[in-house]
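Down below is the structure, laid out as structure tokens.
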There are 2 protein chains.
Amino acid sequence: MTRVNGGGRPAVVLLSGGMDSAVVLALAIRDNWFPCALTISYGQRHSVEIAAARRLAAAFGVDRHLVLDFDLTPIGGSALTADIPVPKRPRAPGEDPVPPTYVPARNTIFLSLATAWAEVLGSRDIFIGVSAVDSAGYPDCSRDFVLSFERLASVGTRASCAAPPFRVHAPLLELDKSATVRLGLELGVDFSNTWSCYDPMIDGTPCGCCDACRLRSRGFESAGVHDPVFSLETPK
Amino acid sequence: MTRVNGGGRPAVVLLSGGMDSAVVLALAIRDNWFPCALTISYGQRHSVEIAAARRLAAAFGVDRHLVLDFDLTPIGGSALTADIPVPKRPRAPGEDPVPPTYVPARNTIFLSLATAWAEVLGSRDIFIGVSAVDSAGYPDCSRDFVLSFERLASVGTRASCAAPPFRVHAPLLELDKSATVRLGLELGVDFSNTWSCYDPMIDGTPCGCCDACRLRSRGFESAGVHDPVFSLETPK
């Protein structure tokens with residue numbers, strides 16, 4: 001499995017503990033960056049993903065892993081940060097295109113924190129695992145969003161005084177979950193260290209029917225690969 | 001003094017407790033917005049400004065005042081959030097144009113949080129008290145920064161699905177501190193409720209020589225007005 005060799009330039013890698021950010025971390029390491037992993041504990045319903053982020057950082061040999069407590073529950077407004085039910089079926093036509101699990105401005109907040117840390121580390125590079133293809137309808141996963149943030153970070157930080165500008169690397173932007181699974185396996189990602197479900201069961205297993213579970217299981221199924229954490233066919 | 005009348009549309013007003021955000025709050029109220037004030041306790045050296053924000057919100061009759069704990073000290077990198085001295089003299093020619101009191105990506109982080117809260121409140125309007133003229137050299141106080149954030153918020157939130165876009169109101173952008181003082185007095189701002197000094201003395205008085213104190217005292221002096229909190233001529 002790919003592990004940090006320590007020789008590269010620093011980059012901040014947003015690491016949620018999900019499968020996408022795990023693959024992005026593996027890509028950053030493969031491409032010889034020195035990854036500084038950033039995980040945000042924001043009061044998410046599935047806080048179990050933070051333990052997954054720690055397992056991933058350890059498995060990849062990441063030296064710098066910052067876990068920040070940034071409680072977004074006082075803002076709320078999402079099924080992940082407030083007392084709003086997590087939908088357990090696909091959205092019907094005519095329903096709000098943005099699902100209740102969207103956390104208002106979450107990726108903007110996360111990228112701002114990544115930008116702040118990058119400045120302190122002397123880096124201008126941030127990695128994020130957004131996909132415009134399989135994003136469950138979140139507006140903060142588009143190419144336009146990524147490019148807009150890149151511009152913002154470049155004009156609103158020390159980068160405005162001296163080059164280079166910021167770069168937001170989003171290598172999964174055009175990949176669906178199936179391609180992400182295959183890429184992760186090529187890079188030696190151990191998906192048993194990742195977590196996706198928004199609404200874990202009382203026994204600690206994934207619910208199997210939230211958007212995150214459905215996107216994940218569809219990805220593994222299309223890739224023809226068994227999900228080590230959960231599969232609808234073979235519940236643990 | 002201008003007070004909230006309760007009839008207007010909601011807008012998130014970033015309220016640090018300093019004189020600029022106090023004037024911006026007064027402007028938002030004058031212009032019939034329903035201000036939802038947002039203050040961030042980020043581990044700043046001058047956390048006394050949070051008490052000032054509470055006094056201001058109370059004085060203006062603001063019903064919604066959210067004080068969020070978002071500790072930026074694990075990121076550090078600034079004289080306000082790490083063990084780095086606050087400069088006590090003007091910068092010399094050739095020195096770093098961005099002073100050590102710059103908090104990496106602070107306004108980006110604050111505006112992201114304001115955007116998140118605005119989404120929950122059903123608002124697309126944010127007020128911020130940045131000045132491109134008297135900003136102590138901070139890169140996150142420029143018109144380009146404000147416009148870039150406006151665009152980012154409009155493409156990375158529910159606003160990307162349905163108009164209107166986000167608007168970041170920065171009514172002090174082209175004002176120097178003297179004009180801000182005069183405007184505040186016209187609007188009935190009680191500046192004794194505000195706090196500016198980055199590095200308060202052990203007896204709780206402003207140091208008088210940090211950038212924030214110098215900008216403030218220059219503003220009051222040029223406006224020909226006595227600063228109720230501190231003046232270099234008449235220390236309390």
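Residue numbering restarts at 1 in every chain; chains get A, B, ... in the order shown in the structure tokens, and ligands count up from 1 in that same order.
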Exercise for review: For Val103 (chain A), please output as a list in words all residues within 7 Å (counting only C-alpha atoms; exclusion window: fewer than 3 positions along the same chain).
Suggested key: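 The contact residues come out as Gly77, Ser78, Leu80 and Arg106 of chain A.
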Kindly assemble as JSON lines a list of the chain B residues that lie within 10 Å of chain A, each paired with its nearest atom pair and their distance in Å to one decimal, using only C-alpha atoms, sorted first by chain and then by ascending residue number.
{"residue": "B:Leu66", "atom": "CA", "partner": "A:Pro74", "partner_atom": "CA", "distance": 8.2}
{"residue": "B:Val67", "atom": "CA", "partner": "A:Pro74", "partner_atom": "CA", "distance": 9.1}
{"residue": "B:Leu68", "atom": "CA", "partner": "A:Pro74", "partner_atom": "CA", "distance": 7.6}
{"residue": "B:Asp69", "atom": "CA", "partner": "A:Phe70", "partner_atom": "CA", "distance": 7.6}
{"residue": "B:Phe70", "atom": "CA", "partner": "A:Phe70", "partner_atom": "CA", "distance": 5.6}
{"residue": "B:Asp71", "atom": "CA", "partner": "A:Phe70", "partner_atom": "CA", "distance": 7.5}
{"residue": "B:Leu72", "atom": "CA", "partner": "A:Leu68", "partner_atom": "CA", "distance": 8.7}
{"residue": "B:Pro74", "atom": "CA", "partner": "A:Leu68", "partner_atom": "CA", "distance": 7.6}
{"residue": "B:Ile75", "atom": "CA", "partner": "A:Trp117", "partner_atom": "CA", "distance": 5.7}
{"residue": "B:Gly76", "atom": "CA", "partner": "A:Val120", "partner_atom": "CA", "distance": 7.3}
{"residue": "B:Gly77", "atom": "CA", "partner": "A:Val120", "partner_atom": "CA", "distance": 5.3}
{"residue": "B:Ser78", "atom": "CA", "partner": "A:Val120", "partner_atom": "CA", "distance": 8.7}
{"residue": "B:Asp96", "atom": "CA", "partner": "A:Cys161", "partner_atom": "CA", "distance": 9.5}
{"residue": "B:Pro97", "atom": "CA", "partner": "A:Cys161", "partner_atom": "CA", "distance": 8.0}
{"residue": "B:Val98", "atom": "CA", "partner": "A:Arg158", "partner_atom": "CA", "distance": 7.1}
{"residue": "B:Tyr102", "atom": "CA", "partner": "A:Thr157", "partner_atom": "CA", "distance": 9.2}
{"residue": "B:Val103", "atom": "CA", "partner": "A:Ala116", "partner_atom": "CA", "distance": 8.0}
{"residue": "B:Pro104", "atom": "CA", "partner": "A:Ala116", "partner_atom": "CA", "distance": 4.7}
{"residue": "B:Ala105", "atom": "CA", "partner": "A:Ala116", "partner_atom": "CA", "distance": 4.9}
{"residue": "B:Arg106", "atom": "CA", "partner": "A:Ala116", "partner_atom": "CA", "distance": 7.5}
{"residue": "B:Asn107", "atom": "CA", "partner": "A:Gly156", "partner_atom": "CA", "distance": 8.2}
{"residue": "B:Thr108", "atom": "CA", "partner": "A:Ser112", "partner_atom": "CA", "distance": 5.9}
{"residue": "B:Ile109", "atom": "CA", "partner": "A:Ser112", "partner_atom": "CA", "distance": 5.2}
{"residue": "B:Phe110", "atom": "CA", "partner": "A:Ile109", "partner_atom": "CA", "distance": 8.5}
{"residue": "B:Leu111", "atom": "CA", "partner": "A:Ile109", "partner_atom": "CA", "distance": 8.7}
{"residue": "B:Ser112", "atom": "CA", "partner": "A:Ile109", "partner_atom": "CA", "distance": 5.2}
{"residue": "B:Leu113", "atom": "CA", "partner": "A:Ile109", "partner_atom": "CA", "distance": 6.6}
{"residue": "B:Ala114", "atom": "CA", "partner": "A:Ala105", "partner_atom": "CA", "distance": 9.1}
{"residue": "B:Thr115", "atom": "CA", "partner": "A:Ala105", "partner_atom": "CA", "distance": 6.4}
{"residue": "B:Ala116", "atom": "CA", "partner": "A:Pro104", "partner_atom": "CA", "distance": 4.6}
{"residue": "B:Trp117", "atom": "CA", "partner": "A:Ile75", "partner_atom": "CA", "distance": 5.7}
{"residue": "B:Ala118", "atom": "CA", "partner": "A:Pro104", "partner_atom": "CA", "distance": 8.8}
{"residue": "B:Glu119", "atom": "CA", "partner": "A:Pro104", "partner_atom": "CA", "distance": 6.3}
{"residue": "B:Val120", "atom": "CA", "partner": "A:Gly77", "partner_atom": "CA", "distance": 5.3}
{"residue": "B:Leu121", "atom": "CA", "partner": "A:Gly77", "partner_atom": "CA", "distance": 8.8}
{"residue": "B:Tyr138", "atom": "CA", "partner": "A:Thr157", "partner_atom": "CA", "distance": 8.0}
{"residue": "B:Pro139", "atom": "CA", "partner": "A:Gly156", "partner_atom": "CA", "distance": 5.1}
{"residue": "B:Asp140", "atom": "CA", "partner": "A:Gly156", "partner_atom": "CA", "distance": 4.3}
{"residue": "B:Cys141", "atom": "CA", "partner": "A:Gly156", "partner_atom": "CA", "distance": 7.5}
{"residue": "B:Ser142", "atom": "CA", "partner": "A:Gly156", "partner_atom": "CA", "distance": 7.7}
{"residue": "B:Arg143", "atom": "CA", "partner": "A:Val155", "partner_atom": "CA", "distance": 9.7}
{"residue": "B:Asp144", "atom": "CA", "partner": "A:Val155", "partner_atom": "CA", "distance": 6.8}
{"residue": "B:Phe145", "atom": "CA", "partner": "A:Gly156", "partner_atom": "CA", "distance": 5.3}
{"residue": "B:Val146", "atom": "CA", "partner": "A:Gly156", "partner_atom": "CA", "distance": 8.6}
{"residue": "B:Leu147", "atom": "CA", "partner": "A:Leu152", "partner_atom": "CA", "distance": 8.8}
{"residue": "B:Ser148", "atom": "CA", "partner": "A:Leu152", "partner_atom": "CA", "distance": 5.3}
{"residue": "B:Phe149", "atom": "CA", "partner": "A:Leu152", "partner_atom": "CA", "distance": 6.2}
{"residue": "B:Glu150", "atom": "CA", "partner": "A:Leu152", "partner_atom": "CA", "distance": 9.5}
{"residue": "B:Arg151", "atom": "CA", "partner": "A:Ser148", "partner_atom": "CA", "distance": 7.0}
{"residue": "B:Leu152", "atom": "CA", "partner": "A:Ser148", "partner_atom": "CA", "distance": 5.3}
{"residue": "B:Ala153", "atom": "CA", "partner": "A:Ala105", "partner_atom": "CA", "distance": 7.8}
{"residue": "B:Ser154", "atom": "CA", "partner": "A:Phe145", "partner_atom": "CA", "distance": 9.0}
{"residue": "B:Val155", "atom": "CA", "partner": "A:Phe145", "partner_atom": "CA", "distance": 5.8}
{"residue": "B:Gly156", "atom": "CA", "partner": "A:Asp140", "partner_atom": "CA", "distance": 4.3}
{"residue": "B:Thr157", "atom": "CA", "partner": "A:Pro139", "partner_atom": "CA", "distance": 5.3}
{"residue": "B:Arg158", "atom": "CA", "partner": "A:Pro139", "partner_atom": "CA", "distance": 6.5}
{"residue": "B:Ala159", "atom": "CA", "partner": "A:Pro139", "partner_atom": "CA", "distance": 8.5}
{"residue": "B:Ser160", "atom": "CA", "partner": "A:Pro139", "partner_atom": "CA", "distance": 6.6}
{"residue": "B:Cys161", "atom": "CA", "partner": "A:Pro139", "partner_atom": "CA", "distance": 7.9}
Review point. Could you pull the residues within 6 Å of region 127-132 of chain A, counting only C-alpha atoms, minus those fewer than 3 positions along the same chain, as a ChimeraX atom specification?
Key: /A:13-14,20-21,24,135,141-142,168-170,172-173
Selection to disk with N, CA and C atoms, as a PDB file, in the first residue's frame:
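Generated file (out-v5.pdb):
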ATOM      1  N   VAL A  13      -4.805  17.827   2.931  1.00  0.00           N
ATOM      2  CA  VAL A  13      -5.765  16.880   2.363  1.00  0.00           C
ATOM      3  C   VAL A  13      -6.959  16.784   3.312  1.00  0.00           C
ATOM      4  N   LEU A  14      -8.124  17.208   2.841  1.00  0.00           N
ATOM      5  CA  LEU A  14      -9.330  17.079   3.660  1.00  0.00           C
ATOM      6  C   LEU A  14      -9.688  15.595   3.744  1.00  0.00           C
ATOM      7  N   ASP A  20     -14.124   8.516  -0.562  1.00  0.00           N
ATOM      8  CA  ASP A  20     -13.570   9.463  -1.534  1.00  0.00           C
ATOM      9  C   ASP A  20     -12.292  10.115  -0.996  1.00  0.00           C
ATOM     10  N   SER A  21     -12.357  10.615   0.229  1.00  0.00           N
ATOM     11  CA  SER A  21     -11.164  11.300   0.748  1.00  0.00           C
ATOM     12  C   SER A  21     -10.025  10.306   0.980  1.00  0.00           C
ATOM     13  N   VAL A  24      -8.394  10.088  -2.361  1.00  0.00           N
ATOM     14  CA  VAL A  24      -7.669  11.331  -2.633  1.00  0.00           C
ATOM     15  C   VAL A  24      -6.352  11.364  -1.851  1.00  0.00           C
ATOM     16  N   SER A 135     -22.707  13.121  -6.275  1.00  0.00           N
ATOM     17  CA  SER A 135     -22.619  14.001  -5.103  1.00  0.00           C
ATOM     18  C   SER A 135     -23.903  14.067  -4.307  1.00  0.00           C
ATOM     19  N   CYS A 141     -20.107  20.680  -4.581  1.00  0.00           N
ATOM     20  CA  CYS A 141     -19.279  19.614  -5.151  1.00  0.00           C
ATOM     21  C   CYS A 141     -19.053  19.825  -6.643  1.00  0.00           C
ATOM     22  N   SER A 142     -19.286  21.020  -7.137  1.00  0.00           N
ATOM     23  CA  SER A 142     -19.193  21.253  -8.592  1.00  0.00           C
ATOM     24  C   SER A 142     -17.825  21.816  -8.976  1.00  0.00           C
ATOM     25  N   VAL A 168      -6.793  24.119  -5.693  1.00  0.00           N
ATOM     26  CA  VAL A 168      -7.656  23.132  -5.040  1.00  0.00           C
ATOM     27  C   VAL A 168      -7.714  21.910  -5.955  1.00  0.00           C
ATOM     28  N   HIS A 169      -7.072  20.847  -5.526  1.00  0.00           N
ATOM     29  CA  HIS A 169      -7.031  19.618  -6.318  1.00  0.00           C
ATOM     30  C   HIS A 169      -8.280  18.795  -5.989  1.00  0.00           C
ATOM     31  N   ALA A 170      -9.048  18.502  -7.018  1.00  0.00           N
ATOM     32  CA  ALA A 170     -10.264  17.700  -6.828  1.00  0.00           C
ATOM     33  C   ALA A 170     -10.234  16.562  -7.841  1.00  0.00           C
ATOM     34  N   LEU A 172     -11.282  13.650  -8.053  1.00  0.00           N
ATOM     35  CA  LEU A 172     -12.431  12.755  -8.276  1.00  0.00           C
ATOM     36  C   LEU A 172     -13.605  13.482  -8.919  1.00  0.00           C
ATOM     37  N   LEU A 173     -13.394  14.741  -9.275  1.00  0.00           N
ATOM     38  CA  LEU A 173     -14.497  15.592  -9.715  1.00  0.00           C
ATOM     39  C   LEU A 173     -15.347  14.936 -10.799  1.00  0.00           C
TER      40      LEU A 173
END
Review point. For Ala223 (chain A), which residue among A:Ala179, A:Leu38, A:Ile84, A:Val4 is the nearest when counting only C-alpha atoms?
Key: A:Ala179
Review point. Could you pull the residues within 12 Å of Met201 (chain B), counting only C-alpha atoms, minus those fewer than 3 positions along the same chain, as a PyMOL selection string?
Key: chain B and resi 45-46+48+197-198+204-210
Export of the given selection (N, CA and C atoms) as a JSON list (two decimals), in the first residue's frame:
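And here is the file that came out, out-v4.json:
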[["chain", "number", "residue", "atom", "x", "y", "z"],
["B", 45, "ARG", "N", -6.53, 36.55, 21.10],
["B", 45, "ARG", "CA", -5.82, 37.15, 22.23],
["B", 45, "ARG", "C", -6.72, 38.19, 22.91],
["B", 46, "HIS", "N", -7.46, 38.95, 22.13],
["B", 46, "HIS", "CA", -8.31, 40.02, 22.66],
["B", 46, "HIS", "C", -9.76, 39.52, 22.75],
["B", 48, "VAL", "N", -11.70, 39.84, 24.88],
["B", 48, "VAL", "CA", -12.55, 40.86, 25.48],
["B", 48, "VAL", "C", -13.50, 41.47, 24.45],
["B", 197, "CYS", "N", -8.33, 47.08, 20.63],
["B", 197, "CYS", "CA", -6.93, 46.68, 20.93],
["B", 197, "CYS", "C", -6.72, 45.17, 20.86],
["B", 198, "TYR", "N", -5.63, 44.79, 20.16],
["B", 198, "TYR", "CA", -5.26, 43.38, 20.01],
["B", 198, "TYR", "C", -4.61, 42.81, 21.27],
["B", 204, "GLY", "N", -6.57, 45.81, 31.82],
["B", 204, "GLY", "CA", -7.78, 45.81, 30.99],
["B", 204, "GLY", "C", -7.91, 47.02, 30.09],
["B", 205, "THR", "N", -6.89, 47.88, 30.04],
["B", 205, "THR", "CA", -6.96, 49.03, 29.13],
["B", 205, "THR", "C", -6.26, 48.68, 27.81],
["B", 206, "PRO", "N", -6.60, 49.42, 26.74],
["B", 206, "PRO", "CA", -5.95, 49.18, 25.45],
["B", 206, "PRO", "C", -4.46, 49.54, 25.53],
["B", 207, "CYS", "N", -3.63, 48.82, 24.76],
["B", 207, "CYS", "CA", -2.17, 49.06, 24.81],
["B", 207, "CYS", "C", -1.81, 50.41, 24.21],
["B", 208, "GLY", "N", -2.60, 50.87, 23.23],
["B", 208, "GLY", "CA", -2.34, 52.19, 22.64],
["B", 208, "GLY", "C", -1.34, 52.19, 21.51],
["B", 209, "CYS", "N", -0.67, 51.07, 21.26],
["B", 209, "CYS", "CA", 0.36, 51.13, 20.22],
["B", 209, "CYS", "C", 0.32, 49.97, 19.22],
["B", 210, "CYS", "N", -0.63, 49.04, 19.34],
["B", 210, "CYS", "CA", -0.75, 48.01, 18.31],
["B", 210, "CYS", "C", -1.43, 48.64, 17.08]]
Practice item. For CA of Gly7 (chain A) and CA of Ile29 (chain A), quote the distance in Å rounded to one decimal. Key: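 Atom-to-atom, CA of Gly7 (chain A) to CA of Ile29 (chain A), that is 10.2 Å.
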Review point. Restricting the calculation to only C-alpha atoms, which member of B:His65, B:Lys177, B:Arg30, B:Arg216 is positioned closest to Trp195 (chain B)?
Key: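 Using only C-alpha atoms, the shortest distance to Trp195 (chain B) belongs to B:Arg216.
Near Met19 (chain B), within 8 Å and counting only C-alpha atoms, sit Gly17, Ser21, Ala22, Val23, Val181, Phe191, Thr194, Trp195 and Ser196 of chain B, not including residues fewer than 2 positions from it in the same chain.
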Practice item. Identify, with DSSP run on backbone atoms, the residues in region 21-156 of chain A assigned to helix (DSSP H, G or I), and express the list as a VMD selection string. Key: chain A and resid 21 to 30 48 to 59 106 to 121 139 to 141 143 to 155
Review point. If you measure from CA of Gly224 (chain B) to CA of Glu174 (chain B), what distance in Å do you get, rounded to one decimal?
Key: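 About the pair CA of Gly224 (chain B) and CA of Glu174 (chain B): they are 20.0 Å apart.
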Practice item. Among the residues of region 16-147 of chain B, find those DSSP assigns to strand (DSSP E or B) from the backbone and print them as a PyMOL selection string. Key: chain B and resi 34-41+64-69+125-127
Write out, as a PDB file, in the first residue's frame, the residues just selected, with N, CA and C atoms.
ATOM      1  N   PHE B  34     -33.378  42.906   9.086  1.00  0.00           N
ATOM      2  CA  PHE B  34     -33.518  42.280  10.399  1.00  0.00           C
ATOM      3  C   PHE B  34     -32.178  41.600  10.677  1.00  0.00           C
ATOM      4  N   PRO B  35     -31.321  42.224  11.521  1.00  0.00           N
ATOM      5  CA  PRO B  35     -29.950  41.725  11.645  1.00  0.00           C
ATOM      6  C   PRO B  35     -29.850  40.508  12.560  1.00  0.00           C
ATOM      7  N   CYS B  36     -29.195  39.477  12.042  1.00  0.00           N
ATOM      8  CA  CYS B  36     -28.870  38.300  12.841  1.00  0.00           C
ATOM      9  C   CYS B  36     -27.358  38.362  13.034  1.00  0.00           C
ATOM     10  N   ALA B  37     -26.947  38.721  14.234  1.00  0.00           N
ATOM     11  CA  ALA B  37     -25.533  39.020  14.473  1.00  0.00           C
ATOM     12  C   ALA B  37     -24.760  37.733  14.753  1.00  0.00           C
ATOM     13  N   LEU B  38     -23.582  37.621  14.148  1.00  0.00           N
ATOM     14  CA  LEU B  38     -22.746  36.429  14.302  1.00  0.00           C
ATOM     15  C   LEU B  38     -21.367  36.845  14.811  1.00  0.00           C
ATOM     16  N   THR B  39     -21.016  36.309  15.965  1.00  0.00           N
ATOM     17  CA  THR B  39     -19.720  36.598  16.590  1.00  0.00           C
ATOM     18  C   THR B  39     -18.969  35.290  16.740  1.00  0.00           C
ATOM     19  N   ILE B  40     -17.681  35.305  16.409  1.00  0.00           N
ATOM     20  CA  ILE B  40     -16.895  34.072  16.506  1.00  0.00           C
ATOM     21  C   ILE B  40     -15.848  34.220  17.606  1.00  0.00           C
ATOM     22  N   SER B  41     -15.934  33.322  18.555  1.00  0.00           N
ATOM     23  CA  SER B  41     -14.901  33.231  19.576  1.00  0.00           C
ATOM     24  C   SER B  41     -13.872  32.241  19.040  1.00  0.00           C
ATOM     25  N   ARG B  64     -31.459  38.168  17.521  1.00  0.00           N
ATOM     26  CA  ARG B  64     -30.700  36.962  17.163  1.00  0.00           C
ATOM     27  C   ARG B  64     -29.224  37.275  17.197  1.00  0.00           C
ATOM     28  N   HIS B  65     -28.533  36.804  18.206  1.00  0.00           N
ATOM     29  CA  HIS B  65     -27.079  36.969  18.291  1.00  0.00           C
ATOM     30  C   HIS B  65     -26.475  35.607  18.595  1.00  0.00           C
ATOM     31  N   LEU B  66     -25.774  35.062  17.601  1.00  0.00           N
ATOM     32  CA  LEU B  66     -25.164  33.743  17.742  1.00  0.00           C
ATOM     33  C   LEU B  66     -23.664  33.937  17.988  1.00  0.00           C
ATOM     34  N   VAL B  67     -23.202  33.426  19.123  1.00  0.00           N
ATOM     35  CA  VAL B  67     -21.760  33.463  19.420  1.00  0.00           C
ATOM     36  C   VAL B  67     -21.239  32.043  19.289  1.00  0.00           C
ATOM     37  N   LEU B  68     -20.427  31.820  18.273  1.00  0.00           N
ATOM     38  CA  LEU B  68     -19.923  30.467  17.999  1.00  0.00           C
ATOM     39  C   LEU B  68     -18.517  30.299  18.544  1.00  0.00           C
ATOM     40  N   ASP B  69     -18.266  29.152  19.158  1.00  0.00           N
ATOM     41  CA  ASP B  69     -16.906  28.799  19.586  1.00  0.00           C
ATOM     42  C   ASP B  69     -16.228  28.022  18.476  1.00  0.00           C
ATOM     43  N   ASP B 125     -28.093  37.444   2.370  1.00  0.00           N
ATOM     44  CA  ASP B 125     -27.406  38.712   2.606  1.00  0.00           C
ATOM     45  C   ASP B 125     -26.528  38.653   3.840  1.00  0.00           C
ATOM     46  N   ILE B 126     -25.284  39.077   3.635  1.00  0.00           N
ATOM     47  CA  ILE B 126     -24.291  39.067   4.709  1.00  0.00           C
ATOM     48  C   ILE B 126     -23.658  40.451   4.761  1.00  0.00           C
ATOM     49  N   PHE B 127     -23.466  40.942   5.975  1.00  0.00           N
ATOM     50  CA  PHE B 127     -22.772  42.226   6.156  1.00  0.00           C
ATOM     51  C   PHE B 127     -21.435  41.998   6.844  1.00  0.00           C
TER      52      PHE B 127
END
Check your understanding: So how far away is CA of Gly137 (chain A) from CA of Ala163 (chain B), in Å?
Key ->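 Atom-to-atom, CA of Ala163 (chain B) and CA of Gly137 (chain A) are spaced 17.0 Å apart.
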Check your understanding: Could you pull the residues within 9 Å of Pro90 (chain B), counting only C-alpha atoms, minus those fewer than 2 positions along the same chain, as a count of residues only?
Key -> 7
